[in-house]
Amino acid sequence: MSRRRGFTVGPSLLFCPADRPERYAKAADRADALILDLEDAVADRDKPHARRHLRQHLQTLAAPETAELRARTVVRINPAGTPGFAADVDLLAGTGVELVMLAKTESREEVDAAARALPDAGIIGLCETAAGVTRAEQIASHPQVVALMWGAEDLLASIGGSSSRRPDGRYRDVARQARAQVLLAAATHGAAGIDAIYADIEDTDGLAAEAADAAASGWTAKACIHPAQVPVIRSAYAPTEQELDHARALLAEVPHHGGAFRFRGSMVDLPLVRHAEQVVRRAEAAAQSLR
């Protein structure tokens, strides 16, 4: 798993409504990172209540002994230019929060607004509208952006659609294009990529297949909405023993060759060596997640 611009969490990022403080600890314990959500998961009337609980929680993370938990706590704030955004950044200023996810990010200027208010926080740009996806590269180019995430359902709503997936569960073409576009934009500027949630909690096979595709495609992590999805994502990101053995055997051959070489019936060149290195890194990260 690649670690870019200081983004060191994953592969499972679990959303938790910020107005449910009784869930904070359990959610943080279950997943590799916790996303405390002040946006869509919280009704407008409950947002002040959620902010009070969240501030109290962040104060408990200020102690040195909670540094590890603080480093894997993300706060999703409301979109720039909204009243909720102003209240959110006022709340977070001075708390030492390390990672902030900016909902419905649509421009570098919006990232600037968050960066000015929270100069010490890494920003995750959430590209979930047509404008956000088409401007993903300029968003990723901001030096304070550590990762990009994309969202399918808000994206389809922003362009007048009614469903991001076909009846068989596969993404529609516009969603597939957006997914690829956000990942490429993140990689272009050295930011991590976070794949969208899988909404059907009961469909573990569908989640497993999508998470495996995310891992193989280069997404650093995948977000989720239920604790039961965490082990499915972790398992998908962990290479099989056969994949790991193959990668290690291939890498062991590299020092014996000056360039491209034949290995187990296939021609291997530098890109395939890089693929093998990535498999080993994913295995090491998976072992770390289980500790």
# chains A, B, ... in the order shown; residues from 1 in each chain; ligands from 1

$ residues_around --residues "A:Glu98" --least-positions-apart "4" --cutoff "8 Å" --atoms "only C-alpha atoms" --output "number ranges by chain"
A: 70-71, 73-74, 120-122

$ residues_around --residues "A:Gln59" --least-positions-apart "4" --cutoff "9 Å" --atoms "only C-alpha atoms" --output "ChimeraX atom specification"
/A:54-55,63,95-96

$ select_by_dssp --residues "stretch 130-284 of chain A" --states "helix (DSSP H, G or I)" --output "mmCIF file with N, CA, C and O atoms, in the first residue's frame"
data_model
loop_
_atom_site.group_PDB
_atom_site.id
_atom_site.type_symbol
_atom_site.label_atom_id
_atom_site.label_comp_id
_atom_site.auth_asym_id
_atom_site.auth_seq_id
_atom_site.Cartn_x
_atom_site.Cartn_y
_atom_site.Cartn_z
ATOM 1 N N ALA A 130 -20.146 16.701 -10.020
ATOM 2 C CA ALA A 130 -19.554 16.811 -11.353
ATOM 3 C C ALA A 130 -18.388 17.786 -11.350
ATOM 4 O O ALA A 130 -17.327 17.520 -11.929
ATOM 5 N N ALA A 131 -18.555 18.927 -10.679
ATOM 6 C CA ALA A 131 -17.485 19.921 -10.632
ATOM 7 C C ALA A 131 -16.266 19.387 -9.901
ATOM 8 O O ALA A 131 -15.119 19.613 -10.309
ATOM 9 N N GLY A 132 -16.491 18.669 -8.802
ATOM 10 C CA GLY A 132 -15.372 18.137 -8.047
ATOM 11 C C GLY A 132 -14.580 17.104 -8.827
ATOM 12 O O GLY A 132 -13.342 17.091 -8.795
ATOM 13 N N VAL A 133 -15.261 16.237 -9.559
ATOM 14 C CA VAL A 133 -14.569 15.214 -10.340
ATOM 15 C C VAL A 133 -13.799 15.835 -11.493
ATOM 16 O O VAL A 133 -12.636 15.498 -11.736
ATOM 17 N N THR A 134 -14.412 16.767 -12.208
ATOM 18 C CA THR A 134 -13.723 17.362 -13.359
ATOM 19 C C THR A 134 -12.560 18.254 -12.933
ATOM 20 O O THR A 134 -11.650 18.492 -13.725
ATOM 21 N N ALA A 136 -10.658 17.452 -10.222
ATOM 22 C CA ALA A 136 -9.935 16.646 -9.243
ATOM 23 C C ALA A 136 -8.434 16.898 -9.280
ATOM 24 O O ALA A 136 -7.774 16.929 -8.231
ATOM 25 N N GLU A 137 -7.880 17.112 -10.455
ATOM 26 C CA GLU A 137 -6.436 17.304 -10.529
ATOM 27 C C GLU A 137 -6.009 18.606 -9.865
ATOM 28 O O GLU A 137 -5.020 18.653 -9.139
ATOM 29 N N GLN A 138 -6.765 19.680 -10.087
ATOM 30 C CA GLN A 138 -6.378 20.932 -9.433
ATOM 31 C C GLN A 138 -6.579 20.839 -7.921
ATOM 32 O O GLN A 138 -5.803 21.416 -7.148
ATOM 33 N N ILE A 139 -7.567 20.094 -7.487
ATOM 34 C CA ILE A 139 -7.771 19.893 -6.049
ATOM 35 C C ILE A 139 -6.594 19.118 -5.460
ATOM 36 O O ILE A 139 -6.029 19.489 -4.425
ATOM 37 N N ALA A 140 -6.184 18.059 -6.145
ATOM 38 C CA ALA A 140 -5.069 17.242 -5.658
ATOM 39 C C ALA A 140 -3.752 18.001 -5.650
ATOM 40 O O ALA A 140 -2.839 17.659 -4.889
ATOM 41 N N ALA A 152 -20.012 8.150 -5.202
ATOM 42 C CA ALA A 152 -20.843 7.867 -6.367
ATOM 43 C C ALA A 152 -22.247 8.445 -6.268
ATOM 44 O O ALA A 152 -22.789 8.977 -7.249
ATOM 45 N N GLU A 153 -22.869 8.335 -5.108
ATOM 46 C CA GLU A 153 -24.289 8.697 -5.025
ATOM 47 C C GLU A 153 -24.492 10.204 -5.152
ATOM 48 O O GLU A 153 -25.384 10.661 -5.881
ATOM 49 N N ASP A 154 -23.696 11.002 -4.445
ATOM 50 C CA ASP A 154 -23.805 12.453 -4.598
ATOM 51 C C ASP A 154 -23.458 12.883 -6.022
ATOM 52 O O ASP A 154 -24.037 13.824 -6.554
ATOM 53 N N LEU A 155 -22.470 12.193 -6.621
ATOM 54 C CA LEU A 155 -22.103 12.520 -8.001
ATOM 55 C C LEU A 155 -23.292 12.346 -8.929
ATOM 56 O O LEU A 155 -23.612 13.233 -9.725
ATOM 57 N N LEU A 156 -23.957 11.196 -8.854
ATOM 58 C CA LEU A 156 -25.101 10.968 -9.741
ATOM 59 C C LEU A 156 -26.224 11.955 -9.475
ATOM 60 O O LEU A 156 -26.889 12.434 -10.395
ATOM 61 N N ALA A 157 -26.435 12.300 -8.205
ATOM 62 C CA ALA A 157 -27.453 13.299 -7.880
ATOM 63 C C ALA A 157 -27.107 14.650 -8.483
ATOM 64 O O ALA A 157 -27.990 15.378 -8.967
ATOM 65 N N SER A 158 -25.801 14.988 -8.513
ATOM 66 C CA SER A 158 -25.391 16.302 -9.020
ATOM 67 C C SER A 158 -25.585 16.440 -10.516
ATOM 68 O O SER A 158 -25.623 17.567 -11.038
ATOM 69 N N ASP A 173 -21.381 3.700 -16.375
ATOM 70 C CA ASP A 173 -20.170 4.194 -17.027
ATOM 71 C C ASP A 173 -19.699 5.526 -16.452
ATOM 72 O O ASP A 173 -18.495 5.741 -16.277
ATOM 73 N N VAL A 174 -20.626 6.434 -16.168
ATOM 74 C CA VAL A 174 -20.213 7.741 -15.677
ATOM 75 C C VAL A 174 -19.551 7.619 -14.307
ATOM 76 O O VAL A 174 -18.578 8.320 -14.005
ATOM 77 N N ALA A 175 -20.030 6.706 -13.476
ATOM 78 C CA ALA A 175 -19.408 6.495 -12.176
ATOM 79 C C ALA A 175 -18.030 5.853 -12.331
ATOM 80 O O ALA A 175 -17.079 6.215 -11.618
ATOM 81 N N ARG A 176 -17.895 4.905 -13.251
ATOM 82 C CA ARG A 176 -16.603 4.264 -13.491
ATOM 83 C C ARG A 176 -15.584 5.286 -13.979
ATOM 84 O O ARG A 176 -14.415 5.272 -13.570
ATOM 85 N N GLN A 177 -16.020 6.196 -14.846
ATOM 86 C CA GLN A 177 -15.097 7.225 -15.322
ATOM 87 C C GLN A 177 -14.664 8.131 -14.183
ATOM 88 O O GLN A 177 -13.483 8.466 -14.054
ATOM 89 N N ALA A 178 -15.614 8.527 -13.347
ATOM 90 C CA ALA A 178 -15.290 9.400 -12.226
ATOM 91 C C ALA A 178 -14.312 8.723 -11.273
ATOM 92 O O ALA A 178 -13.362 9.347 -10.786
ATOM 93 N N ARG A 179 -14.553 7.457 -11.004
ATOM 94 C CA ARG A 179 -13.674 6.697 -10.097
ATOM 95 C C ARG A 179 -12.238 6.710 -10.617
ATOM 96 O O ARG A 179 -11.285 6.984 -9.869
ATOM 97 N N ALA A 180 -12.078 6.410 -11.905
ATOM 98 C CA ALA A 180 -10.738 6.389 -12.486
ATOM 99 C C ALA A 180 -10.121 7.777 -12.511
ATOM 100 O O ALA A 180 -8.923 7.955 -12.237
ATOM 101 N N GLN A 181 -10.928 8.780 -12.822
ATOM 102 C CA GLN A 181 -10.418 10.138 -12.943
ATOM 103 C C GLN A 181 -9.885 10.651 -11.615
ATOM 104 O O GLN A 181 -8.825 11.296 -11.552
ATOM 105 N N VAL A 182 -10.592 10.367 -10.542
ATOM 106 C CA VAL A 182 -10.147 10.825 -9.220
ATOM 107 C C VAL A 182 -8.869 10.103 -8.810
ATOM 108 O O VAL A 182 -7.936 10.715 -8.271
ATOM 109 N N LEU A 183 -8.789 8.805 -9.059
ATOM 110 C CA LEU A 183 -7.586 8.054 -8.705
ATOM 111 C C LEU A 183 -6.371 8.564 -9.475
ATOM 112 O O LEU A 183 -5.285 8.757 -8.901
ATOM 113 N N LEU A 184 -6.536 8.803 -10.766
ATOM 114 C CA LEU A 184 -5.418 9.297 -11.568
ATOM 115 C C LEU A 184 -4.995 10.696 -11.142
ATOM 116 O O LEU A 184 -3.799 11.012 -11.114
ATOM 117 N N ALA A 185 -5.958 11.528 -10.799
ATOM 118 C CA ALA A 185 -5.627 12.878 -10.332
ATOM 119 C C ALA A 185 -4.838 12.832 -9.035
ATOM 120 O O ALA A 185 -3.852 13.561 -8.858
ATOM 121 N N ALA A 186 -5.254 11.976 -8.117
ATOM 122 C CA ALA A 186 -4.534 11.840 -6.851
ATOM 123 C C ALA A 186 -3.109 11.367 -7.103
ATOM 124 O O ALA A 186 -2.140 11.938 -6.580
ATOM 125 N N ALA A 187 -2.955 10.326 -7.911
ATOM 126 C CA ALA A 187 -1.624 9.778 -8.166
ATOM 127 C C ALA A 187 -0.719 10.772 -8.880
ATOM 128 O O ALA A 187 0.485 10.829 -8.627
ATOM 129 N N THR A 188 -1.295 11.589 -9.755
ATOM 130 C CA THR A 188 -0.509 12.584 -10.485
ATOM 131 C C THR A 188 0.207 13.526 -9.533
ATOM 132 O O THR A 188 1.337 13.956 -9.788
ATOM 133 N N THR A 204 -21.703 -8.926 1.033
ATOM 134 C CA THR A 204 -20.277 -9.012 1.332
ATOM 135 C C THR A 204 -19.472 -9.471 0.116
ATOM 136 O O THR A 204 -18.316 -9.067 -0.049
ATOM 137 N N ASP A 205 -20.072 -10.296 -0.737
ATOM 138 C CA ASP A 205 -19.361 -10.730 -1.938
ATOM 139 C C ASP A 205 -19.099 -9.556 -2.872
ATOM 140 O O ASP A 205 -18.004 -9.430 -3.438
ATOM 141 N N GLY A 206 -20.108 -8.705 -3.032
ATOM 142 C CA GLY A 206 -19.920 -7.527 -3.879
ATOM 143 C C GLY A 206 -18.869 -6.592 -3.316
ATOM 144 O O GLY A 206 -18.036 -6.049 -4.047
ATOM 145 N N LEU A 207 -18.896 -6.384 -1.998
ATOM 146 C CA LEU A 207 -17.892 -5.537 -1.355
ATOM 147 C C LEU A 207 -16.502 -6.137 -1.520
ATOM 148 O O LEU A 207 -15.541 -5.420 -1.826
ATOM 149 N N ALA A 208 -16.375 -7.452 -1.305
ATOM 150 C CA ALA A 208 -15.072 -8.107 -1.418
ATOM 151 C C ALA A 208 -14.493 -7.928 -2.821
ATOM 152 O O ALA A 208 -13.295 -7.629 -2.985
ATOM 153 N N ALA A 209 -15.334 -8.099 -3.837
ATOM 154 C CA ALA A 209 -14.865 -7.952 -5.217
ATOM 155 C C ALA A 209 -14.450 -6.519 -5.503
ATOM 156 O O ALA A 209 -13.411 -6.270 -6.139
ATOM 157 N N GLU A 210 -15.244 -5.559 -5.022
ATOM 158 C CA GLU A 210 -14.921 -4.151 -5.282
ATOM 159 C C GLU A 210 -13.669 -3.725 -4.518
ATOM 160 O O GLU A 210 -12.836 -2.975 -5.047
ATOM 161 N N ALA A 211 -13.516 -4.198 -3.284
ATOM 162 C CA ALA A 211 -12.330 -3.853 -2.506
ATOM 163 C C ALA A 211 -11.078 -4.489 -3.108
ATOM 164 O O ALA A 211 -10.007 -3.872 -3.126
ATOM 165 N N ALA A 212 -11.199 -5.727 -3.604
ATOM 166 C CA ALA A 212 -10.057 -6.365 -4.256
ATOM 167 C C ALA A 212 -9.648 -5.588 -5.504
ATOM 168 O O ALA A 212 -8.456 -5.410 -5.782
ATOM 169 N N ASP A 213 -10.635 -5.111 -6.248
ATOM 170 C CA ASP A 213 -10.341 -4.288 -7.423
ATOM 171 C C ASP A 213 -9.677 -2.977 -7.008
ATOM 172 O O ASP A 213 -8.745 -2.510 -7.662
ATOM 173 N N ALA A 214 -10.153 -2.394 -5.904
ATOM 174 C CA ALA A 214 -9.557 -1.146 -5.418
ATOM 175 C C ALA A 214 -8.089 -1.353 -5.065
ATOM 176 O O ALA A 214 -7.226 -0.540 -5.420
ATOM 177 N N ALA A 215 -7.803 -2.438 -4.360
ATOM 178 C CA ALA A 215 -6.420 -2.717 -3.976
ATOM 179 C C ALA A 215 -5.541 -2.923 -5.202
ATOM 180 O O ALA A 215 -4.443 -2.363 -5.297
ATOM 181 N N ALA A 216 -6.014 -3.723 -6.146
ATOM 182 C CA ALA A 216 -5.221 -4.010 -7.341
ATOM 183 C C ALA A 216 -5.055 -2.789 -8.226
ATOM 184 O O ALA A 216 -4.055 -2.671 -8.950
ATOM 185 N N SER A 217 -6.023 -1.870 -8.181
ATOM 186 C CA SER A 217 -5.980 -0.684 -9.041
ATOM 187 C C SER A 217 -5.119 0.433 -8.461
ATOM 188 O O SER A 217 -4.768 1.362 -9.191
ATOM 189 N N PRO A 227 -19.264 -1.572 10.689
ATOM 190 C CA PRO A 227 -18.100 -2.318 11.182
ATOM 191 C C PRO A 227 -17.919 -3.685 10.530
ATOM 192 O O PRO A 227 -16.782 -4.156 10.383
ATOM 193 N N ALA A 228 -19.030 -4.325 10.129
ATOM 194 C CA ALA A 228 -18.924 -5.640 9.502
ATOM 195 C C ALA A 228 -18.198 -5.590 8.164
ATOM 196 O O ALA A 228 -17.724 -6.629 7.667
ATOM 197 N N GLN A 229 -18.092 -4.410 7.562
ATOM 198 C CA GLN A 229 -17.400 -4.287 6.282
ATOM 199 C C GLN A 229 -15.887 -4.196 6.438
ATOM 200 O O GLN A 229 -15.145 -4.424 5.482
ATOM 201 N N VAL A 230 -15.423 -3.875 7.637
ATOM 202 C CA VAL A 230 -13.986 -3.686 7.859
ATOM 203 C C VAL A 230 -13.180 -4.944 7.554
ATOM 204 O O VAL A 230 -12.209 -4.881 6.778
ATOM 205 N N PRO A 231 -13.502 -6.104 8.132
ATOM 206 C CA PRO A 231 -12.687 -7.289 7.828
ATOM 207 C C PRO A 231 -12.737 -7.707 6.365
ATOM 208 O O PRO A 231 -11.768 -8.281 5.855
ATOM 209 N N VAL A 232 -13.833 -7.416 5.686
ATOM 210 C CA VAL A 232 -13.929 -7.738 4.262
ATOM 211 C C VAL A 232 -12.919 -6.908 3.473
ATOM 212 O O VAL A 232 -12.213 -7.410 2.586
ATOM 213 N N ILE A 233 -12.833 -5.622 3.809
ATOM 214 C CA ILE A 233 -11.878 -4.736 3.127
ATOM 215 C C ILE A 233 -10.450 -5.144 3.455
ATOM 216 O O ILE A 233 -9.592 -5.242 2.567
ATOM 217 N N ARG A 234 -10.180 -5.401 4.718
ATOM 218 C CA ARG A 234 -8.826 -5.804 5.097
ATOM 219 C C ARG A 234 -8.397 -7.076 4.376
ATOM 220 O O ARG A 234 -7.261 -7.193 3.903
ATOM 221 N N SER A 235 -9.311 -8.028 4.304
ATOM 222 C CA SER A 235 -8.997 -9.281 3.628
ATOM 223 C C SER A 235 -8.719 -9.059 2.149
ATOM 224 O O SER A 235 -7.806 -9.669 1.575
ATOM 225 N N ALA A 236 -9.485 -8.172 1.525
ATOM 226 C CA ALA A 236 -9.289 -7.898 0.102
ATOM 227 C C ALA A 236 -7.951 -7.231 -0.167
ATOM 228 O O ALA A 236 -7.337 -7.450 -1.224
ATOM 229 N N TYR A 237 -7.495 -6.410 0.768
ATOM 230 C CA TYR A 237 -6.217 -5.708 0.595
ATOM 231 C C TYR A 237 -5.017 -6.596 0.924
ATOM 232 O O TYR A 237 -3.899 -6.292 0.518
ATOM 233 N N GLU A 241 -1.526 -15.985 0.073
ATOM 234 C CA GLU A 241 -0.197 -16.579 0.263
ATOM 235 C C GLU A 241 0.465 -16.864 -1.077
ATOM 236 O O GLU A 241 1.680 -16.672 -1.249
ATOM 237 N N GLN A 242 -0.342 -17.305 -2.036
ATOM 238 C CA GLN A 242 0.206 -17.601 -3.359
ATOM 239 C C GLN A 242 0.724 -16.330 -4.032
ATOM 240 O O GLN A 242 1.815 -16.331 -4.628
ATOM 241 N N GLU A 243 -0.048 -15.251 -3.945
ATOM 242 C CA GLU A 243 0.387 -13.976 -4.539
ATOM 243 C C GLU A 243 1.656 -13.476 -3.872
ATOM 244 O O GLU A 243 2.579 -12.984 -4.538
ATOM 245 N N LEU A 244 1.706 -13.589 -2.554
ATOM 246 C CA LEU A 244 2.872 -13.099 -1.824
ATOM 247 C C LEU A 244 4.104 -13.948 -2.124
ATOM 248 O O LEU A 244 5.209 -13.411 -2.330
ATOM 249 N N ASP A 245 3.949 -15.260 -2.160
ATOM 250 C CA ASP A 245 5.076 -16.140 -2.475
ATOM 251 C C ASP A 245 5.611 -15.847 -3.869
ATOM 252 O O ASP A 245 6.843 -15.805 -4.085
ATOM 253 N N HIS A 246 4.696 -15.640 -4.812
ATOM 254 C CA HIS A 246 5.119 -15.327 -6.184
ATOM 255 C C HIS A 246 5.882 -14.011 -6.222
ATOM 256 O O HIS A 246 6.940 -13.912 -6.867
ATOM 257 N N ALA A 247 5.374 -13.006 -5.540
ATOM 258 C CA ALA A 247 6.025 -11.689 -5.541
ATOM 259 C C ALA A 247 7.412 -11.763 -4.918
ATOM 260 O O ALA A 247 8.383 -11.197 -5.447
ATOM 261 N N ARG A 248 7.521 -12.447 -3.804
ATOM 262 C CA ARG A 248 8.827 -12.552 -3.140
ATOM 263 C C ARG A 248 9.829 -13.342 -3.980
ATOM 264 O O ARG A 248 11.011 -12.982 -4.052
ATOM 265 N N ALA A 249 9.357 -14.416 -4.615
ATOM 266 C CA ALA A 249 10.251 -15.197 -5.469
ATOM 267 C C ALA A 249 10.718 -14.375 -6.664
ATOM 268 O O ALA A 249 11.891 -14.431 -7.055
ATOM 269 N N LEU A 250 9.811 -13.598 -7.232
ATOM 270 C CA LEU A 250 10.177 -12.742 -8.364
ATOM 271 C C LEU A 250 11.215 -11.704 -7.937
ATOM 272 O O LEU A 250 12.229 -11.502 -8.623
ATOM 273 N N LEU A 251 10.981 -11.072 -6.803
ATOM 274 C CA LEU A 251 11.919 -10.047 -6.335
ATOM 275 C C LEU A 251 13.279 -10.638 -5.991
ATOM 276 O O LEU A 251 14.314 -9.966 -6.136
ATOM 277 N N ALA A 252 13.292 -11.887 -5.546
ATOM 278 C CA ALA A 252 14.566 -12.537 -5.239
ATOM 279 C C ALA A 252 15.400 -12.766 -6.495
ATOM 280 O O ALA A 252 16.638 -12.881 -6.437
ATOM 281 N N GLU A 253 14.743 -12.834 -7.646
ATOM 282 C CA GLU A 253 15.444 -13.048 -8.913
ATOM 283 C C GLU A 253 16.032 -11.757 -9.479
ATOM 284 O O GLU A 253 16.963 -11.802 -10.289
ATOM 285 N N VAL A 254 15.489 -10.630 -9.082
ATOM 286 C CA VAL A 254 15.884 -9.352 -9.696
ATOM 287 C C VAL A 254 17.385 -9.104 -9.646
ATOM 288 O O VAL A 254 17.999 -8.699 -10.655
ATOM 289 N N PRO A 255 18.055 -9.307 -8.494
ATOM 290 C CA PRO A 255 19.499 -9.012 -8.454
ATOM 291 C C PRO A 255 20.340 -9.850 -9.401
ATOM 292 O O PRO A 255 21.489 -9.487 -9.697
ATOM 293 N N HIS A 256 19.809 -10.943 -9.902
ATOM 294 C CA HIS A 256 20.565 -11.831 -10.776
ATOM 295 C C HIS A 256 20.431 -11.467 -12.255
ATOM 296 O O HIS A 256 20.964 -12.173 -13.118
ATOM 297 N N LEU A 270 10.600 -3.899 -15.571
ATOM 298 C CA LEU A 270 10.524 -3.039 -14.386
ATOM 299 C C LEU A 270 9.101 -2.820 -13.869
ATOM 300 O O LEU A 270 8.875 -2.883 -12.654
ATOM 301 N N PRO A 271 8.089 -2.573 -14.730
ATOM 302 C CA PRO A 271 6.737 -2.395 -14.193
ATOM 303 C C PRO A 271 6.252 -3.598 -13.390
ATOM 304 O O PRO A 271 5.601 -3.442 -12.344
ATOM 305 N N LEU A 272 6.578 -4.823 -13.852
ATOM 306 C CA LEU A 272 6.137 -6.011 -13.123
ATOM 307 C C LEU A 272 6.910 -6.179 -11.823
ATOM 308 O O LEU A 272 6.382 -6.715 -10.843
ATOM 309 N N VAL A 273 8.138 -5.712 -11.791
ATOM 310 C CA VAL A 273 8.885 -5.696 -10.525
ATOM 311 C C VAL A 273 8.209 -4.744 -9.542
ATOM 312 O O VAL A 273 8.052 -5.064 -8.356
ATOM 313 N N ARG A 274 7.773 -3.599 -10.039
ATOM 314 C CA ARG A 274 7.079 -2.632 -9.168
ATOM 315 C C ARG A 274 5.766 -3.230 -8.652
ATOM 316 O O ARG A 274 5.382 -3.005 -7.500
ATOM 317 N N HIS A 275 5.063 -3.989 -9.501
ATOM 318 C CA HIS A 275 3.838 -4.651 -9.053
ATOM 319 C C HIS A 275 4.145 -5.605 -7.903
ATOM 320 O O HIS A 275 3.414 -5.641 -6.900
ATOM 321 N N ALA A 276 5.200 -6.373 -8.042
ATOM 322 C CA ALA A 276 5.569 -7.324 -6.987
ATOM 323 C C ALA A 276 5.930 -6.602 -5.700
ATOM 324 O O ALA A 276 5.571 -7.044 -4.593
ATOM 325 N N GLU A 277 6.634 -5.497 -5.813
ATOM 326 C CA GLU A 277 6.976 -4.719 -4.617
ATOM 327 C C GLU A 277 5.717 -4.231 -3.910
ATOM 328 O O GLU A 277 5.643 -4.213 -2.673
ATOM 329 N N GLN A 278 4.730 -3.852 -4.706
ATOM 330 C CA GLN A 278 3.487 -3.369 -4.123
ATOM 331 C C GLN A 278 2.744 -4.484 -3.389
ATOM 332 O O GLN A 278 2.151 -4.262 -2.339
ATOM 333 N N VAL A 279 2.777 -5.691 -3.925
ATOM 334 C CA VAL A 279 2.143 -6.835 -3.256
ATOM 335 C C VAL A 279 2.792 -7.055 -1.892
ATOM 336 O O VAL A 279 2.101 -7.279 -0.885
ATOM 337 N N VAL A 280 4.098 -6.978 -1.832
ATOM 338 C CA VAL A 280 4.801 -7.158 -0.556
ATOM 339 C C VAL A 280 4.443 -6.039 0.415
ATOM 340 O O VAL A 280 4.208 -6.290 1.610
ATOM 341 N N ARG A 281 4.354 -4.824 -0.072
ATOM 342 C CA ARG A 281 3.975 -3.704 0.815
ATOM 343 C C ARG A 281 2.566 -3.886 1.355
ATOM 344 O O ARG A 281 2.299 -3.608 2.528
ATOM 345 N N ARG A 282 1.656 -4.350 0.503
ATOM 346 C CA ARG A 282 0.286 -4.591 0.966
ATOM 347 C C ARG A 282 0.254 -5.675 2.039
ATOM 348 O O ARG A 282 -0.501 -5.578 3.015
ATOM 349 N N ALA A 283 1.063 -6.700 1.882
ATOM 350 C CA ALA A 283 1.117 -7.758 2.887
ATOM 351 C C ALA A 283 1.642 -7.226 4.210
ATOM 352 O O ALA A 283 1.124 -7.551 5.290
ATOM 353 N N GLU A 284 2.654 -6.386 4.151
ATOM 354 C CA GLU A 284 3.215 -5.800 5.372
ATOM 355 C C GLU A 284 2.197 -4.892 6.048
ATOM 356 O O GLU A 284 2.076 -4.901 7.288
#

$ residues_around --residues "stretch 48-50 of chain A" --least-positions-apart "3" --cutoff "10 Å" --atoms "only C-alpha atoms" --output "JSON, numbers by chain"
{"A": [17, 18, 19, 20, 21, 36, 37, 38, 42, 43, 44, 45, 53, 54, 55, 84, 87, 88]}

$ select_by_dssp --residues "stretch 5-40 of chain A" --states "strand (DSSP E)" --output "ChimeraX atom specification"
/A:12-17,33-37

$ write_last_selection --atoms "all heavy atoms" --output "compact mmCIF listing (two decimals), in the first residue's frame"
# COMPACT_ATOMS: atom_id res chain seq x y z
N SER A 12 -8.97 0.30 5.79
CA SER A 12 -10.40 0.50 6.07
C SER A 12 -10.63 1.80 6.82
O SER A 12 -10.03 2.04 7.87
CB SER A 12 -10.95 -0.68 6.88
OG SER A 12 -10.29 -0.78 8.14
N LEU A 13 -11.51 2.64 6.29
CA LEU A 13 -11.88 3.91 6.93
C LEU A 13 -13.38 3.86 7.20
O LEU A 13 -14.17 3.81 6.27
CB LEU A 13 -11.56 5.11 6.03
CG LEU A 13 -10.10 5.60 5.98
CD1 LEU A 13 -9.18 4.55 5.34
CD2 LEU A 13 -10.01 6.91 5.19
N LEU A 14 -13.75 3.88 8.47
CA LEU A 14 -15.14 3.66 8.86
C LEU A 14 -15.81 4.98 9.24
O LEU A 14 -15.33 5.70 10.13
CB LEU A 14 -15.18 2.69 10.05
CG LEU A 14 -16.55 2.38 10.66
CD1 LEU A 14 -17.49 1.75 9.63
CD2 LEU A 14 -16.39 1.46 11.87
N PHE A 15 -16.93 5.28 8.57
CA PHE A 15 -17.71 6.47 8.91
C PHE A 15 -18.49 6.24 10.21
O PHE A 15 -19.02 5.16 10.45
CB PHE A 15 -18.71 6.79 7.80
CG PHE A 15 -18.14 7.60 6.66
CD1 PHE A 15 -17.72 6.97 5.50
CD2 PHE A 15 -18.04 8.98 6.75
CE1 PHE A 15 -17.20 7.70 4.45
CE2 PHE A 15 -17.52 9.72 5.70
CZ PHE A 15 -17.10 9.08 4.54
N CYS A 16 -18.60 7.31 11.00
CA CYS A 16 -19.39 7.29 12.23
C CYS A 16 -20.05 8.66 12.38
O CYS A 16 -19.36 9.68 12.31
CB CYS A 16 -18.51 6.99 13.44
SG CYS A 16 -19.38 7.02 15.04
N PRO A 17 -21.36 8.72 12.55
CA PRO A 17 -22.02 10.02 12.74
C PRO A 17 -21.46 10.74 13.97
O PRO A 17 -21.33 10.13 15.04
CB PRO A 17 -23.49 9.67 12.93
CG PRO A 17 -23.64 8.30 12.34
CD PRO A 17 -22.34 7.61 12.60
N ALA A 33 -9.04 3.48 10.46
CA ALA A 33 -9.23 4.91 10.68
C ALA A 33 -10.71 5.18 10.89
O ALA A 33 -11.57 4.45 10.38
CB ALA A 33 -8.69 5.73 9.52
N LEU A 34 -10.99 6.22 11.63
CA LEU A 34 -12.36 6.60 11.95
C LEU A 34 -12.67 7.94 11.30
O LEU A 34 -11.90 8.90 11.45
CB LEU A 34 -12.52 6.71 13.48
CG LEU A 34 -13.83 7.27 14.02
CD1 LEU A 34 -14.98 6.35 13.68
CD2 LEU A 34 -13.73 7.47 15.53
N ILE A 35 -13.79 8.01 10.57
CA ILE A 35 -14.24 9.28 9.99
C ILE A 35 -15.45 9.75 10.78
O ILE A 35 -16.54 9.17 10.68
CB ILE A 35 -14.62 9.12 8.50
CG1 ILE A 35 -13.47 8.53 7.69
CG2 ILE A 35 -15.02 10.49 7.92
CD1 ILE A 35 -13.83 8.20 6.25
N LEU A 36 -15.26 10.77 11.59
CA LEU A 36 -16.35 11.35 12.37
C LEU A 36 -17.04 12.38 11.48
O LEU A 36 -16.44 13.37 11.08
CB LEU A 36 -15.81 11.98 13.65
CG LEU A 36 -15.18 10.96 14.61
CD1 LEU A 36 -14.48 11.67 15.78
CD2 LEU A 36 -16.23 9.99 15.13
N ASP A 37 -18.30 12.12 11.19
CA ASP A 37 -19.00 12.83 10.13
C ASP A 37 -19.90 13.93 10.67
O ASP A 37 -20.85 13.66 11.42
CB ASP A 37 -19.84 11.83 9.33
CG ASP A 37 -20.40 12.41 8.05
OD1 ASP A 37 -20.08 13.57 7.73
OD2 ASP A 37 -21.15 11.69 7.36

$ closest_residue --among "A:Ala285, A:Ala93, A:Leu69, A:Val146" --to "A:Ile194" --atoms "only C-alpha atoms"
A:Val146
